[in-house]
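Enquirer: Contents of entry.csv (CSV, C-alpha atoms) are given next:
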```csv
chain,number,residue,atom,x,y,z
A,106,MET,CA,-4.2,33.9,13.6
A,107,THR,CA,-3.1,30.8,11.6
A,108,ALA,CA,-5.7,28.1,11.7
A,109,MET,CA,-4.4,24.9,13.3
A,110,MET,CA,-5.1,21.2,13.0
A,111,LYS,CA,-4.1,18.0,14.7
A,112,ALA,CA,-1.6,15.7,13.0
A,113,ALA,CA,0.4,12.6,13.9
A,114,ILE,CA,4.1,13.5,13.4
A,115,PHE,CA,7.3,11.5,13.4
A,116,VAL,CA,9.4,12.7,16.4
A,117,GLU,CA,12.2,10.1,16.6
A,118,PRO,CA,12.6,6.4,16.2
A,119,GLY,CA,10.1,4.8,18.5
A,120,ARG,CA,7.9,7.9,18.8
A,121,ILE,CA,5.0,9.1,16.6
A,122,GLU,CA,2.9,11.7,18.5
A,123,LEU,CA,-0.1,13.9,18.0
A,124,ALA,CA,0.7,17.6,17.6
A,125,ASP,CA,-0.8,20.9,16.4
A,126,LYS,CA,0.3,22.1,12.9
A,127,PRO,CA,-0.9,24.9,10.7
A,128,ILE,CA,-3.6,23.9,8.1
A,129,PRO,CA,-1.7,24.0,4.8
A,130,ASP,CA,-2.2,26.9,2.3
A,131,VAL,CA,-3.6,25.9,-1.1
A,132,GLY,CA,-1.5,26.5,-4.2
A,133,PRO,CA,-3.1,26.8,-7.7
A,134,ASN,CA,-2.7,23.0,-8.5
A,135,ASP,CA,-3.5,21.7,-5.0
A,136,ALA,CA,-6.5,20.7,-3.1
A,137,LEU,CA,-7.1,20.8,0.6
A,138,VAL,CA,-8.9,17.6,1.7
A,139,ARG,CA,-10.6,17.3,5.0
A,140,ILE,CA,-9.8,13.7,6.2
A,141,THR,CA,-12.8,11.6,7.1
A,142,THR,CA,-11.0,8.3,7.4
A,143,THR,CA,-7.4,7.2,7.1
A,144,THR,CA,-5.4,4.2,8.4
A,145,ILE,CA,-2.0,2.9,9.5
A,146,CYS,CA,0.2,1.0,7.1
A,147,GLY,CA,3.1,-1.4,7.7
A,148,THR,CA,5.3,1.2,6.1
A,149,ASP,CA,4.3,3.6,8.8
A,150,VAL,CA,5.5,1.1,11.3
A,151,HIS,CA,8.9,0.9,9.5
A,152,ILE,CA,9.0,4.7,9.9
A,153,LEU,CA,8.1,4.5,13.6
A,154,LYS,CA,10.9,2.0,14.2
A,155,GLY,CA,13.4,4.2,12.3
A,156,GLU,CA,13.9,1.5,9.6
A,157,TYR,CA,12.7,4.0,6.9
A,158,PRO,CA,14.0,7.5,7.4
A,159,VAL,CA,11.8,10.6,7.2
A,160,ALA,CA,12.2,14.2,8.4
A,161,LYS,CA,11.5,14.9,12.1
A,162,GLY,CA,8.1,16.7,12.4
A,163,LEU,CA,6.7,15.2,9.2
A,164,THR,CA,3.0,14.2,9.3
A,165,VAL,CA,2.9,10.5,8.6
A,166,GLY,CA,0.3,8.4,6.7
A,167,HIS,CA,-0.5,8.0,3.1
A,168,GLU,CA,-4.1,6.6,2.7
A,169,PRO,CA,-6.6,9.5,2.5
A,170,VAL,CA,-10.4,9.3,2.3
A,171,GLY,CA,-12.1,12.7,2.7
A,172,VAL,CA,-13.9,15.7,1.4
A,173,ILE,CA,-12.6,18.5,-0.7
A,174,GLU,CA,-12.3,21.6,1.6
A,175,LYS,CA,-10.7,24.0,-0.8
A,176,LEU,CA,-9.6,23.8,-4.5
A,177,GLY,CA,-6.6,25.5,-6.1
A,178,SER,CA,-7.5,28.1,-8.8
A,179,ALA,CA,-6.1,25.9,-11.6
A,180,VAL,CA,-7.9,22.7,-10.6
A,181,GLN,CA,-10.9,21.8,-12.8
A,182,GLY,CA,-13.5,19.1,-12.8
A,183,TYR,CA,-14.0,18.9,-9.1
A,184,THR,CA,-16.1,20.7,-6.5
A,185,GLU,CA,-15.6,21.7,-2.9
A,186,GLY,CA,-17.6,19.3,-0.7
A,187,GLN,CA,-17.0,16.4,-3.0
A,188,ARG,CA,-16.0,13.0,-1.5
A,189,VAL,CA,-12.7,11.8,-2.8
A,190,ILE,CA,-9.7,9.6,-2.4
A,191,ALA,CA,-6.1,10.1,-3.6
A,192,GLY,CA,-3.6,7.4,-4.1
A,193,ALA,CA,-0.8,6.8,-1.6
A,194,ILE,CA,1.4,7.5,-4.5
A,195,CYS,CA,0.6,11.0,-5.9
A,196,PRO,CA,3.1,11.7,-8.7
A,197,ASN,CA,3.4,14.6,-11.0
A,198,PHE,CA,2.1,13.1,-14.2
A,199,ASN,CA,3.9,15.8,-16.3
A,200,SER,CA,7.3,14.4,-15.2
A,201,TYR,CA,9.7,12.5,-17.5
A,202,ALA,CA,9.4,9.5,-15.2
A,203,ALA,CA,5.6,9.4,-15.5
A,204,GLN,CA,5.7,9.8,-19.3
A,205,ASP,CA,8.3,7.0,-19.4
A,206,GLY,CA,5.7,4.7,-17.7
A,207,TYR,CA,7.1,4.9,-14.1
A,208,PRO,CA,5.2,7.7,-12.3
A,209,SER,CA,5.8,6.1,-8.9
A,210,GLN,CA,9.5,6.8,-9.3
A,211,ASP,CA,9.3,10.4,-10.5
A,212,GLY,CA,11.3,13.5,-9.5
A,213,SER,CA,9.2,14.8,-6.6
A,214,TYR,CA,12.2,14.7,-4.3
A,215,LEU,CA,13.6,17.8,-6.2
A,216,ILE,CA,10.7,20.0,-5.2
A,217,PRO,CA,11.9,20.8,-1.6
A,218,GLN,CA,15.2,21.9,-3.2
A,219,GLY,CA,13.3,24.5,-5.2
A,220,LEU,CA,13.8,22.5,-8.4
A,221,CYS,CA,11.3,21.3,-11.0
A,222,GLY,CA,9.9,17.9,-10.0
A,223,CYS,CA,9.4,17.0,-13.6
A,224,HIS,CA,13.1,16.4,-14.0
A,225,GLY,CA,14.7,13.5,-12.3
A,226,TYR,CA,14.1,9.9,-11.3
A,227,LYS,CA,14.4,8.4,-7.9
A,228,ALA,CA,13.1,5.1,-6.5
A,229,THR,CA,9.9,5.7,-4.3
A,230,ALA,CA,9.9,9.5,-5.0
A,231,GLY,CA,6.4,9.4,-6.4
A,232,TRP,CA,5.4,8.5,-2.8
A,233,ARG,CA,5.0,11.9,-1.3
A,234,PHE,CA,2.4,11.7,1.5
A,235,GLY,CA,4.2,10.9,4.8
A,236,ASN,CA,7.5,10.5,3.0
A,237,LEU,CA,8.4,13.8,1.2
A,238,ILE,CA,5.5,16.0,2.3
A,239,ASP,CA,3.0,16.0,5.1
A,240,GLY,CA,0.7,12.9,5.1
A,241,THR,CA,-2.8,11.9,5.9
A,242,GLN,CA,-2.9,11.0,9.6
A,243,ALA,CA,-4.3,14.5,10.3
A,244,GLU,CA,-7.4,16.5,10.1
A,245,TYR,CA,-6.4,17.9,6.7
A,246,VAL,CA,-4.0,17.0,3.9
A,247,LEU,CA,-2.8,19.0,1.0
A,248,VAL,CA,-3.0,17.0,-2.2
A,249,PRO,CA,-0.5,18.1,-4.8
A,250,ASP,CA,-1.3,18.0,-8.6
A,251,ALA,CA,-4.9,17.4,-7.5
A,252,GLN,CA,-6.4,17.2,-10.9
A,253,ALA,CA,-4.3,14.1,-11.7
A,254,ASN,CA,-4.5,12.5,-8.2
A,255,LEU,CA,-8.0,13.0,-6.8
A,256,ALA,CA,-10.7,10.4,-7.6
A,257,PRO,CA,-14.4,11.0,-6.8
A,258,ILE,CA,-15.9,8.3,-4.6
A,259,PRO,CA,-19.0,6.6,-6.2
A,260,ASP,CA,-22.3,7.2,-4.5
A,261,GLY,CA,-23.2,4.4,-2.1
A,262,LEU,CA,-19.7,3.4,-1.1
A,263,THR,CA,-18.6,4.0,2.5
A,264,ASP,CA,-15.2,5.2,3.6
A,265,GLU,CA,-14.4,1.8,4.9
A,266,GLN,CA,-15.2,0.2,1.5
A,267,VAL,CA,-12.7,2.4,-0.3
A,268,LEU,CA,-10.1,2.8,2.5
A,269,MET,CA,-7.9,0.0,1.0
A,270,CYS,CA,-7.8,1.6,-2.5
A,271,PRO,CA,-5.1,4.3,-2.0
A,272,ASP,CA,-2.4,1.7,-1.0
A,273,ILE,CA,-3.2,-1.8,0.2
A,274,MET,CA,-5.5,-2.8,-2.7
A,275,SER,CA,-3.4,-1.0,-5.3
A,276,THR,CA,-0.2,-2.6,-3.9
A,277,GLY,CA,-1.6,-6.1,-3.6
A,278,PHE,CA,-3.2,-6.0,-7.1
A,279,LYS,CA,0.1,-4.6,-8.5
A,280,GLY,CA,1.8,-7.6,-7.0
A,281,ALA,CA,-0.6,-9.9,-8.8
A,282,GLU,CA,-0.2,-7.9,-12.1
A,283,ASN,CA,3.6,-8.1,-11.8
A,284,ALA,CA,3.4,-11.8,-11.3
A,285,ASN,CA,2.5,-12.3,-15.0
A,286,ILE,CA,-0.5,-14.5,-14.0
A,287,ARG,CA,-2.3,-16.3,-16.8
A,288,ILE,CA,-5.7,-18.1,-16.8
A,289,GLY,CA,-5.2,-21.5,-15.2
A,290,ASP,CA,-2.0,-20.7,-13.3
A,291,THR,CA,-0.9,-21.9,-9.9
A,292,VAL,CA,0.2,-19.0,-7.7
A,293,VAL,CA,1.5,-18.8,-4.1
A,294,VAL,CA,1.2,-15.7,-1.9
A,295,PHE,CA,3.6,-15.6,1.0
A,296,ALA,CA,2.2,-13.6,4.0
A,297,GLN,CA,-1.5,-12.9,4.4
A,298,GLY,CA,-1.4,-9.4,6.0
A,299,PRO,CA,-3.6,-6.8,4.3
A,300,ILE,CA,-1.3,-6.5,1.2
A,301,GLY,CA,-1.0,-10.3,0.9
A,302,LEU,CA,-4.8,-10.7,1.1
A,303,CYS,CA,-5.2,-8.2,-1.7
A,304,ALA,CA,-2.6,-10.0,-3.7
A,305,THR,CA,-4.6,-13.2,-3.2
A,306,ALA,CA,-7.8,-11.5,-4.4
A,307,GLY,CA,-6.0,-10.0,-7.3
A,308,ALA,CA,-4.6,-13.4,-8.4
A,309,ARG,CA,-8.1,-14.8,-8.4
A,310,LEU,CA,-9.4,-11.9,-10.5
A,311,LEU,CA,-6.6,-12.3,-13.0
A,312,GLY,CA,-7.5,-16.0,-13.6
A,313,ALA,CA,-5.3,-18.1,-11.4
A,314,THR,CA,-7.1,-21.3,-10.6
A,315,THR,CA,-5.0,-22.7,-7.8
A,316,ILE,CA,-4.0,-20.1,-5.2
A,317,ILE,CA,-1.9,-21.1,-2.2
A,318,ALA,CA,-1.8,-18.8,0.7
A,319,VAL,CA,1.0,-19.0,3.3
A,320,ASP,CA,1.0,-17.4,6.8
A,321,GLY,CA,1.7,-18.3,10.4
A,322,ASN,CA,-1.7,-17.0,11.6
A,323,ASP,CA,-4.8,-19.3,11.2
A,324,HIS,CA,-7.2,-16.4,11.5
A,325,ARG,CA,-5.6,-14.6,8.5
A,326,LEU,CA,-5.5,-17.9,6.6
A,327,GLY,CA,-9.2,-18.1,7.1
A,328,ILE,CA,-9.8,-14.7,5.7
A,329,SER,CA,-7.5,-15.6,2.7
A,330,LYS,CA,-10.0,-18.3,1.8
A,331,LYS,CA,-12.7,-15.6,1.5
A,332,MET,CA,-10.3,-13.6,-0.7
A,333,GLY,CA,-9.8,-16.5,-3.1
A,334,ALA,CA,-7.2,-18.9,-1.7
A,335,ASP,CA,-7.8,-22.6,-2.6
A,336,VAL,CA,-5.1,-24.0,-0.3
A,337,THR,CA,-3.8,-22.5,2.9
A,338,LEU,CA,-0.5,-23.4,4.6
A,339,ASN,CA,0.6,-22.4,8.1
A,340,PHE,CA,4.4,-22.4,8.1
A,341,MET,CA,4.3,-23.1,11.9
A,342,ASN,CA,2.9,-26.6,11.1
A,343,CYS,CA,4.7,-27.7,8.0
A,344,ASN,CA,7.6,-27.3,5.7
A,345,VAL,CA,6.0,-24.9,3.2
A,346,VAL,CA,8.5,-25.4,0.4
A,347,ASP,CA,8.1,-29.2,0.6
A,348,GLU,CA,4.3,-29.0,0.7
A,349,ILE,CA,4.1,-26.6,-2.3
A,350,MET,CA,6.4,-28.8,-4.4
A,351,LYS,CA,4.2,-31.8,-3.5
A,352,LEU,CA,1.1,-29.8,-4.5
A,353,THR,CA,2.6,-29.0,-7.9
A,354,GLY,CA,3.9,-32.4,-8.6
A,355,GLY,CA,7.5,-31.2,-8.2
A,356,LYS,CA,7.2,-28.6,-11.0
A,357,GLY,CA,6.8,-25.5,-8.8
A,358,VAL,CA,4.4,-22.7,-9.1
A,359,ASP,CA,3.9,-20.5,-12.1
A,360,SER,CA,4.1,-17.3,-10.0
A,361,SER,CA,5.0,-16.5,-6.4
A,362,ILE,CA,4.2,-13.3,-4.6
A,363,GLU,CA,6.2,-12.1,-1.6
A,364,ALA,CA,4.2,-9.8,0.5
A,365,LEU,CA,6.2,-9.4,3.8
A,366,GLY,CA,9.8,-8.3,3.1
A,367,THR,CA,12.0,-10.9,4.9
A,368,GLN,CA,14.8,-13.1,3.7
A,369,ALA,CA,12.8,-16.2,4.7
A,370,THR,CA,9.8,-15.3,2.6
A,371,PHE,CA,11.8,-14.1,-0.4
A,372,GLU,CA,13.9,-17.2,-0.4
A,373,SER,CA,10.9,-19.5,0.0
A,374,ALA,CA,9.1,-17.7,-2.9
A,375,LEU,CA,12.1,-18.3,-5.1
A,376,ARG,CA,12.6,-22.0,-4.1
A,377,VAL,CA,9.0,-22.9,-5.1
A,378,LEU,CA,9.2,-21.1,-8.4
A,379,LYS,CA,9.2,-23.2,-11.6
A,380,PRO,CA,11.9,-22.5,-14.2
A,381,GLY,CA,10.6,-19.6,-16.3
A,382,GLY,CA,8.3,-18.5,-13.5
A,383,THR,CA,7.9,-15.0,-12.0
A,384,LEU,CA,8.6,-13.8,-8.5
A,385,SER,CA,6.7,-10.7,-7.7
A,386,SER,CA,8.2,-8.9,-4.7
A,387,LEU,CA,6.0,-6.5,-2.7
A,388,GLY,CA,7.7,-6.5,0.7
A,389,VAL,CA,9.6,-3.6,2.2
A,390,TYR,CA,13.0,-5.0,3.1
A,391,SER,CA,15.0,-3.6,6.0
A,392,SER,CA,18.3,-5.5,5.3
A,393,ASP,CA,20.2,-7.0,2.4
A,394,LEU,CA,18.8,-10.0,0.6
A,395,LYS,CA,20.8,-13.1,-0.3
A,396,ILE,CA,19.8,-15.1,-3.3
A,397,PRO,CA,20.4,-18.9,-2.8
A,398,LEU,CA,22.4,-20.4,-5.6
A,399,THR,CA,20.4,-23.5,-6.2
A,400,ALA,CA,17.0,-21.8,-6.1
A,401,PHE,CA,18.3,-19.2,-8.6
A,402,ALA,CA,19.6,-22.1,-10.8
A,403,ALA,CA,22.9,-20.3,-10.8
A,404,GLY,CA,21.2,-17.5,-12.8
A,405,LEU,CA,20.2,-19.9,-15.7
A,406,GLY,CA,16.6,-20.7,-14.8
A,407,ASP,CA,14.8,-18.0,-16.9
A,408,HIS,CA,13.3,-16.7,-13.6
A,409,LYS,CA,11.9,-13.2,-13.5
A,410,ILE,CA,11.9,-11.1,-10.4
A,411,ASN,CA,9.7,-8.0,-10.4
A,412,THR,CA,9.6,-5.3,-7.7
A,413,ALA,CA,7.0,-2.6,-7.4
A,414,LEU,CA,5.8,0.5,-5.7
A,415,CYS,CA,2.0,0.7,-6.1
A,416,PRO,CA,0.6,2.9,-8.8
A,417,GLY,CA,-1.2,6.1,-8.0
A,418,GLY,CA,-3.3,8.6,-9.9
A,419,LYS,CA,-7.0,9.1,-10.4
A,420,GLU,CA,-7.4,6.5,-13.1
A,421,ARG,CA,-5.9,3.8,-11.0
A,422,MET,CA,-8.1,4.8,-8.1
A,423,ARG,CA,-11.2,4.8,-10.4
A,424,ARG,CA,-10.5,1.3,-11.5
A,425,LEU,CA,-10.0,0.0,-8.0
A,426,MET,CA,-13.2,1.6,-6.8
A,427,ASN,CA,-15.0,0.0,-9.8
A,428,VAL,CA,-13.9,-3.4,-8.6
A,429,VAL,CA,-15.3,-2.6,-5.1
A,430,GLU,CA,-18.5,-1.1,-6.5
A,431,SER,CA,-19.1,-4.2,-8.7
A,432,GLY,CA,-19.1,-6.4,-5.6
A,433,ARG,CA,-16.3,-8.6,-6.9
A,434,ILE,CA,-14.4,-8.0,-3.7
A,435,ASP,CA,-15.2,-6.7,-0.2
A,436,LEU,CA,-12.2,-5.2,1.5
A,437,GLY,CA,-14.3,-3.6,4.2
A,438,VAL,CA,-13.9,-6.8,6.2
A,439,MET,CA,-10.2,-5.9,6.7
A,440,VAL,CA,-11.1,-2.9,8.8
A,441,THR,CA,-11.0,-4.7,12.2
A,442,HIS,CA,-10.6,-1.7,14.5
A,443,GLN,CA,-11.5,2.0,14.7
A,444,TYR,CA,-9.8,4.8,16.6
A,445,LYS,CA,-10.2,8.5,16.9
A,446,LEU,CA,-7.2,10.6,15.7
A,447,ASP,CA,-6.8,11.7,19.3
A,448,ASN,CA,-5.9,8.1,20.2
A,449,ILE,CA,-3.6,7.3,17.3
A,450,VAL,CA,-0.6,6.5,19.5
A,451,GLU,CA,-2.7,3.7,21.1
A,452,ALA,CA,-3.7,2.6,17.5
A,453,TYR,CA,0.0,2.4,16.5
A,454,ASP,CA,0.8,0.3,19.6
A,455,LEU,CA,-2.0,-2.1,18.6
A,456,PHE,CA,-1.1,-2.3,15.0
A,457,ALA,CA,2.7,-2.5,15.4
A,458,ASN,CA,2.4,-5.3,17.8
A,459,GLN,CA,-0.3,-7.1,15.9
A,460,ARG,CA,-2.7,-7.7,18.8
A,461,ASP,CA,-6.3,-8.6,19.0
A,462,GLY,CA,-6.6,-9.9,15.4
A,463,VAL,CA,-5.9,-6.5,13.9
A,464,LEU,CA,-5.7,-6.2,10.1
A,465,LYS,CA,-6.4,-2.5,9.4
A,466,VAL,CA,-7.4,0.3,11.7
A,467,ALA,CA,-9.7,3.1,10.6
A,468,ILE,CA,-8.6,6.4,12.0
A,469,LYS,CA,-11.3,9.0,12.3
A,470,PRO,CA,-10.3,12.7,12.9
A,471,ARG,CA,-13.8,13.5,14.1
```
Please re-express this file's structure in structure tokens.
Expert:
Amino acid sequence: MTAMMKAAIFVEPGRIELADKPIPDVGPNDALVRITTTTICGTDVHILKGEYPVAKGLTVGHEPVGVIEKLGSAVQGYTEGQRVIAGAICPNFNSYAAQDGYPSQDGSYLIPQGLCGCHGYKATAGWRFGNLIDGTQAEYVLVPDAQANLAPIPDGLTDEQVLMCPDIMSTGFKGAENANIRIGDTVVVFAQGPIGLCATAGARLLGATTIIAVDGNDHRLGISKKMGADVTLNFMNCNVVDEIMKLTGGKGVDSSIEALGTQATFESALRVLKPGGTLSSLGVYSSDLKIPLTAFAAGLGDHKINTALCPGGKERMRRLMNVVESGRIDLGVMVTHQYKLDNIVEAYDLFANQRDGVLKVAIKPR
């Protein structure tokens, strides 16, 4: 009989449910990882709401922490029983896109068609878990191209300490990296959810000396102080654009990071940006954006707008875990709730509705 596992699957907009699915077979370049901890992402909520389309019956989730259960015959340098993580983005690093410097946008979408994933470019196609292939909110996940995508967890680090590395930390830090931050810069981060908090921490590590955090939740703004924010602004209590322009003497910020994905936050991030500054956009948008003419200086302001999908791969994961291991950042404080996989529908309800001060939920299959 085929061995079965529990997995959270997309049924239809508004419904993600727990179901039984076969444990995946392992190909020569794959690894089967037994999940010890995973989590729910804001992108999963977009999937739940039907704002981001995925196939019905797909296992959702893209943030794996676990133990290697079985290795493919061609995978070298790893052992079964080893604790590992894999990036939310797990590209084929042999692809043209990867070798062109954009592995997150590679040709993985071609594989289900029986074609070579090395050929082709498509936005977000390096994101496979819970998008193109079965994801991590399950008892097991199959990691493709395992030798390039698995990263061993350093001894002494807990699951919760590295749980942010596959996506939230990688995404937030990429937002800071894409903001072209230099030592001494003034940076604003719009939205202090988990990704925004990581962007705040990343801005501090990159040398920004004045970091302004914007959110409508005082609890999150308090956490942003711990992550490196120097000034916090609650948009419920003030005109954020006016306040930021006052703080910068009318110049505007060197860099702004948008970490939510709404017209309001994107527009505000542009309005406070100095001429020649960089807007780093991390949000997942669910409708068209409009660029205000004056904020864009009619296209003559030397502004730079960078978008990103977080990098994956074992080297990216190694570097992020080095930051955690060094003690320069503690992201374990973001794990505010814990649920068993059996109760993942309840966890989705909590997270999607942002109740009880939730930031991130640790999902434990066992």
Enquirer: What gap, in Å, lies between CA of Met332 (chain A) and CA of Ala304 (chain A)?
Expert: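 For CA of Met332 (chain A) relative to CA of Ala304 (chain A), the distance reads 9.0 Å.
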Enquirer: So which residues touch Cys415 (chain A) within 8 Å, counting all atoms listed in the file, skipping near sequence neighbours fewer than 2 positions away, as a list in words?
Expert: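 Contacts, with the query itself left out: Ile194, Ser209, Asp272, Ser275, Thr276, Lys279, Ala413 and Gly417 of chain A.
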Enquirer: Please produce an output containing C-alpha atoms for each residue in the selection, written as a short mmCIF file (atom, residue, chain, number, x, y, z; two decimals), in the frame of the given file.
Expert:
```cif
data_model
loop_
_atom_site.label_atom_id
_atom_site.label_comp_id
_atom_site.auth_asym_id
_atom_site.auth_seq_id
_atom_site.Cartn_x
_atom_site.Cartn_y
_atom_site.Cartn_z
CA ILE A 194 1.40 7.50 -4.50
CA SER A 209 5.80 6.10 -8.90
CA ASP A 272 -2.40 1.70 -1.00
CA SER A 275 -3.40 -1.00 -5.30
CA THR A 276 -0.20 -2.60 -3.90
CA LYS A 279 0.10 -4.60 -8.50
CA ALA A 413 7.00 -2.60 -7.40
CA GLY A 417 -1.20 6.10 -8.00
#
```
Enquirer: Sort by chain and increasing residue number a table of all residues of region 286-326 of chain A within 12 Å of region 383-394 of chain A, each with its closest pair of atoms and their distance in Å to one decimal, counting all atoms listed in the file, and write it as a tab-separated table.
Expert:
```
residue	atom	partner	partner_atom	distance
A:Ile286	CA	A:Thr383	CA	8.6
A:Arg287	CA	A:Thr383	CA	11.3
A:Asp290	CA	A:Thr383	CA	11.5
A:Thr291	CA	A:Thr383	CA	11.4
A:Val292	CA	A:Thr383	CA	9.7
A:Val293	CA	A:Leu384	CA	9.7
A:Val294	CA	A:Ser385	CA	9.4
A:Phe295	CA	A:Ser386	CA	9.9
A:Ala296	CA	A:Gly388	CA	9.6
A:Gln297	CA	A:Gly388	CA	11.8
A:Gly298	CA	A:Gly388	CA	10.9
A:Pro299	CA	A:Gly388	CA	11.9
A:Ile300	CA	A:Leu387	CA	8.3
A:Gly301	CA	A:Leu387	CA	8.7
A:Cys303	CA	A:Leu387	CA	11.4
A:Ala304	CA	A:Leu387	CA	9.3
A:Ala308	CA	A:Ser385	CA	11.6
```
Enquirer: Pick from A:Ile128, A:Leu310, A:Val170, A:Leu137: nearest to Gly289 (chain A), with all atoms listed in the file counted?
Expert: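 Among the listed residues, A:Leu310 lies closest to Gly289 (chain A).
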Enquirer: Looking at all atoms listed in the file, which of A:Val450, A:Ile468, A:Ala253, A:Ile396 is the one that sits closest to Gln368 (chain A)?
Expert: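 With all atoms listed in the file as the atom set, the closest residue is A:Ile396.
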Enquirer: Looking at only C-alpha atoms, which of A:Glu168, A:Glu363, A:Asp135, A:Glu185 is the one that sits closest to Cys270 (chain A)?
Expert: A:Glu168
Enquirer: Using only C-alpha atoms, find all polymer residues with an atom at most 10 Å away from the point (9.3, 6.4, 14.5); report them as a VMD selection string.
Expert: chain A and resid 114 to 122 149 to 159 161 165
Enquirer: Let me make sure I understand: among A:Val319, A:Ala313, A:Val131, A:Leu176, which one has the smallest atom-to-atom distance to Asn342 (chain A) if we use only C-alpha atoms?
Expert: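 Closest to Asn342 (chain A) of all the choices is A:Val319.
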